[in-house]
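Engineer: Below you'll find the structure I mean.
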Amino acid sequence: MRAKYSVRLIEADGVGELPNGIQLSGGDSMEEEYPPEKIESKWQKRWDEEEIFIADINSDKEKFYCLEMYPYPSGKLHMGHVRNYSIGDAVARYRRACGYNVIYPMGFDSFGMPAENAAIAEGGHPREITNRNIASIKEDFSIMGFSHDWGREVISHDHNYFRWNQWFFLKFLEKGLAYRTFANVN
């Protein structure tokens, strides 16, 4: 269950001005309950019903592609994730507000050592632990109200994803476009 929040605005010296030009006099204050479980879930449900975060590929609007790094689903989200994905969400929402047709996908970098190490640490099968962590992260993203288009989700441990990665790699290798060498990076 979520905690209840109160919003309280008090001018310490008794007189002041808010950034929007509203004048405060001694004793002015605002106190109001903010029940996030009611307000946020109401709007998130409406956004889902109206599919406002799904980009229309046939739109005449200018297109904007907002892509963040996909998280490793080797555990639960932490504040670093919240900071990172809040920034991307703000950019996507701003571009939508400016009239762009925004593609804002999300996915999970779930094929590799972080997933393997999480499975070893927990003593379970990597696929089961990874899928459980993905479900947890998606629930957290939903509670935070991020505006991802989940119809464009990429999960790198899904066979339908990595089989094509492997196929492309082999084609690049056959054509001499994939090779091993020493080089400076970054």
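The way I read the labels, and the way they are meant: chains A, B, ... in the order of the structure tokens, residue 1 as the first residue of every chain, and ligand 1 as the first ligand shown, with later ones counted on from there.
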Looking only at alpha helix (DSSP H) from DSSP on the backbone, list the matching residues of chain A as a PyMOL selection string.

Structural biologist: chain A and resi 36-50+79-97+113-122+126-144+159-174

Engineer: How close does each residue of region 123-180 of chain A get to region 48-58 of chain A, giving the shortest atom pair and distance in Å to one decimal for every residue with an atom at most 7 Å away, counting only C-alpha atoms, sorted by chain and residue number, as JSON lines?

Structural biologist:
{"residue": "A:Ser147", "atom": "CA", "partner": "A:Phe53", "partner_atom": "CA", "distance": 5.8}
{"residue": "A:His148", "atom": "CA", "partner": "A:Phe53", "partner_atom": "CA", "distance": 6.4}
{"residue": "A:Asp149", "atom": "CA", "partner": "A:Ile54", "partner_atom": "CA", "distance": 5.3}

Engineer: Using only C-alpha atoms, pick whichever of A:Glu116, A:Asp60, A:Glu32, A:Glu68 has the shortest atom-to-atom distance to Thr130 (chain A).

Structural biologist: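 Selected residue with least distance to Thr130 (chain A): A:Glu116.
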
Engineer: If you count only C-alpha atoms, which residues fall within 10 Å of Ser136 (chain A), apart from same-chain ones fewer than 6 positions away, as a count of residues only?

Structural biologist: 6

Engineer: So which one's closest to Asn131 (chain A), A:Arg96, A:Phe162, A:Phe182, A:Ser74? Using only C-alpha atoms, please.

Structural biologist: A:Ser74

Engineer: Between CA of Leu67 (chain A) and CA of Asp89 (chain A), what is the spacing in Å?

Structural biologist: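 Going from CA of Asp89 (chain A) over to CA of Leu67 (chain A) covers 9.7 Å.
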
Engineer: In Å, how far is it from CA of Arg95 (chain A) to CA of Ser110 (chain A)?

Structural biologist: 28.7 Å

Engineer: Residues near Phe168 (chain A), anyone? I mean within 12 Å using only C-alpha atoms, not counting same-chain ones fewer than 6 positions away, as a list in words.

Structural biologist: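 Those residues are Tyr161, Phe162, Glu174, Lys175, Leu177 and Ala178 of chain A.
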
Engineer: Output the selection as a short mmCIF file (atom, residue, chain, number, x, y, z; two decimals), in the first residue's frame - N, CA, C and O atoms for each residue.

Structural biologist:
data_model
loop_
_atom_site.label_atom_id
_atom_site.label_comp_id
_atom_site.auth_asym_id
_atom_site.auth_seq_id
_atom_site.Cartn_x
_atom_site.Cartn_y
_atom_site.Cartn_z
N TYR A 161 14.14 -12.92 -30.93
CA TYR A 161 15.07 -11.79 -31.05
C TYR A 161 16.48 -12.29 -31.34
O TYR A 161 17.09 -11.91 -32.33
N PHE A 162 17.01 -13.16 -30.47
CA PHE A 162 18.43 -13.49 -30.63
C PHE A 162 18.70 -14.37 -31.83
O PHE A 162 19.80 -14.36 -32.36
N GLU A 174 30.22 -13.74 -42.97
CA GLU A 174 30.40 -14.28 -44.32
C GLU A 174 30.87 -13.21 -45.30
O GLU A 174 31.67 -13.48 -46.20
N LYS A 175 30.41 -11.99 -45.13
CA LYS A 175 30.74 -10.89 -46.05
C LYS A 175 31.98 -10.12 -45.62
O LYS A 175 32.34 -9.12 -46.24
N LEU A 177 32.29 -8.38 -42.90
CA LEU A 177 31.93 -7.17 -42.17
C LEU A 177 32.07 -7.33 -40.66
O LEU A 177 32.05 -6.35 -39.93
N ALA A 178 32.21 -8.55 -40.20
CA ALA A 178 32.46 -8.82 -38.78
C ALA A 178 33.80 -9.53 -38.70
O ALA A 178 34.05 -10.52 -39.40
#

Engineer: Output as a PDB file with N, CA and C atoms, in the first residue's frame all residues of region 26-176 of chain A that backbone DSSP marks as strand (DSSP E).

Structural biologist:
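Ended up saving to part-v3.pdb:
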ATOM      1  N   SER A  29      -1.750  29.495   3.357  1.00  0.00           N
ATOM      2  CA  SER A  29      -1.168  28.169   3.183  1.00  0.00           C
ATOM      3  C   SER A  29      -2.145  27.306   2.420  1.00  0.00           C
ATOM      4  N   MET A  30      -1.644  26.231   1.887  1.00  0.00           N
ATOM      5  CA  MET A  30      -2.469  25.287   1.176  1.00  0.00           C
ATOM      6  C   MET A  30      -2.170  23.910   1.742  1.00  0.00           C
ATOM      7  N   GLU A  31      -3.171  23.202   2.142  1.00  0.00           N
ATOM      8  CA  GLU A  31      -2.974  21.838   2.596  1.00  0.00           C
ATOM      9  C   GLU A  31      -4.060  20.990   1.980  1.00  0.00           C
ATOM     10  N   GLU A  32      -3.647  19.918   1.328  1.00  0.00           N
ATOM     11  CA  GLU A  32      -4.591  19.095   0.596  1.00  0.00           C
ATOM     12  C   GLU A  32      -4.025  17.684   0.524  1.00  0.00           C
ATOM     13  N   GLU A  33      -4.885  16.693   0.660  1.00  0.00           N
ATOM     14  CA  GLU A  33      -4.453  15.310   0.525  1.00  0.00           C
ATOM     15  C   GLU A  33      -4.195  14.993  -0.941  1.00  0.00           C
ATOM     16  N   TYR A  34      -3.169  14.242  -1.187  1.00  0.00           N
ATOM     17  CA  TYR A  34      -2.870  13.756  -2.534  1.00  0.00           C
ATOM     18  C   TYR A  34      -2.809  12.237  -2.466  1.00  0.00           C
ATOM     19  N   LYS A  63       8.367  12.806 -36.951  1.00  0.00           N
ATOM     20  CA  LYS A  63       8.654  11.680 -36.073  1.00  0.00           C
ATOM     21  C   LYS A  63       9.817  11.978 -35.135  1.00  0.00           C
ATOM     22  N   PHE A  64       9.745  11.398 -33.939  1.00  0.00           N
ATOM     23  CA  PHE A  64      10.822  11.504 -32.961  1.00  0.00           C
ATOM     24  C   PHE A  64      10.984  10.140 -32.303  1.00  0.00           C
ATOM     25  N   TYR A  65      12.217   9.649 -32.295  1.00  0.00           N
ATOM     26  CA  TYR A  65      12.525   8.340 -31.712  1.00  0.00           C
ATOM     27  C   TYR A  65      13.278   8.560 -30.411  1.00  0.00           C
ATOM     28  N   ASN A 101       5.159  12.786 -33.443  1.00  0.00           N
ATOM     29  CA  ASN A 101       4.734  11.395 -33.360  1.00  0.00           C
ATOM     30  C   ASN A 101       5.911  10.641 -32.738  1.00  0.00           C
ATOM     31  N   VAL A 102       5.828  10.347 -31.452  1.00  0.00           N
ATOM     32  CA  VAL A 102       6.959   9.832 -30.694  1.00  0.00           C
ATOM     33  C   VAL A 102       6.914   8.304 -30.594  1.00  0.00           C
ATOM     34  N   ILE A 103       8.003   7.690 -31.001  1.00  0.00           N
ATOM     35  CA  ILE A 103       8.190   6.260 -30.771  1.00  0.00           C
ATOM     36  C   ILE A 103       9.102   6.147 -29.556  1.00  0.00           C
ATOM     37  N   GLY A 107      12.582  -2.157 -23.555  1.00  0.00           N
ATOM     38  CA  GLY A 107      12.960  -3.557 -23.649  1.00  0.00           C
ATOM     39  C   GLY A 107      13.903  -3.906 -22.525  1.00  0.00           C
ATOM     40  N   PHE A 108      14.495  -5.071 -22.645  1.00  0.00           N
ATOM     41  CA  PHE A 108      15.359  -5.573 -21.579  1.00  0.00           C
ATOM     42  C   PHE A 108      16.587  -6.234 -22.181  1.00  0.00           C
ATOM     43  N   VAL A 154      11.358  -5.053 -26.695  1.00  0.00           N
ATOM     44  CA  VAL A 154      12.434  -5.942 -27.117  1.00  0.00           C
ATOM     45  C   VAL A 154      12.964  -6.653 -25.878  1.00  0.00           C
ATOM     46  N   ILE A 155      13.046  -7.966 -25.974  1.00  0.00           N
ATOM     47  CA  ILE A 155      13.602  -8.760 -24.873  1.00  0.00           C
ATOM     48  C   ILE A 155      14.699  -9.627 -25.482  1.00  0.00           C
TER      49      ILE A 155
END

Engineer: Between A:Arg127, A:Phe111, A:Tyr94, A:Gly80, which is the closest to Arg163 (chain A) once you count only C-alpha atoms?

Structural biologist: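 Closest residue, counting only C-alpha atoms: A:Phe111.
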
Engineer: CA of Cys66 (chain A) and CA of Ala92 (chain A) are how many Å apart?

Structural biologist: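 CA of Cys66 (chain A) sits 6.2 Å away from CA of Ala92 (chain A).
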
Engineer: Near Met144 (chain A), counting only C-alpha atoms, which residues have an atom at most 9 Å away, once you skip same-chain residues fewer than 5 positions from it, shown as number ranges by chain?

Structural biologist: A: 40, 82, 86, 139

Engineer: Put those residues in a file: N, CA and C atoms, as a compact mmCIF listing (two decimals), in the first residue's frame.

Structural biologist:
# COMPACT_ATOMS: atom_id res chain seq x y z
N GLU A 40 -3.29 8.84 -9.73
CA GLU A 40 -2.37 8.35 -10.75
C GLU A 40 -2.95 7.15 -11.49
N VAL A 82 15.37 4.98 -11.86
CA VAL A 82 14.28 5.96 -11.84
C VAL A 82 14.76 7.27 -12.44
N SER A 86 13.19 8.51 -15.94
CA SER A 86 12.38 9.73 -15.79
C SER A 86 12.81 10.78 -16.81
N GLU A 139 6.05 -3.66 -13.78
CA GLU A 139 5.07 -3.18 -12.80
C GLU A 139 5.53 -1.85 -12.19

Engineer: Pick from A:Asp158, A:Met69, A:Ala97, A:Glu62: nearest to His81 (chain A), with only C-alpha atoms counted?

Structural biologist: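 Result for the nearest residue to His81 (chain A): A:Met69.
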
Engineer: Ranking A:Asn133, A:Ser41, A:Phe146, A:Pro114 by minimum distance to Asn84 (chain A) and counting only C-alpha atoms, which one comes first?

Structural biologist: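 Of A:Asn133, A:Ser41, A:Phe146, A:Pro114, the one nearest Asn84 (chain A), counting only C-alpha atoms, is A:Phe146.
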
Engineer: Point out the residue among A:Tyr179, A:Phe169, A:Tyr85, A:Trp164 with the least atom-to-atom distance to Asp140 (chain A), counting only C-alpha atoms.

Structural biologist: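 With only C-alpha atoms as the atom set, the closest residue is A:Tyr85.
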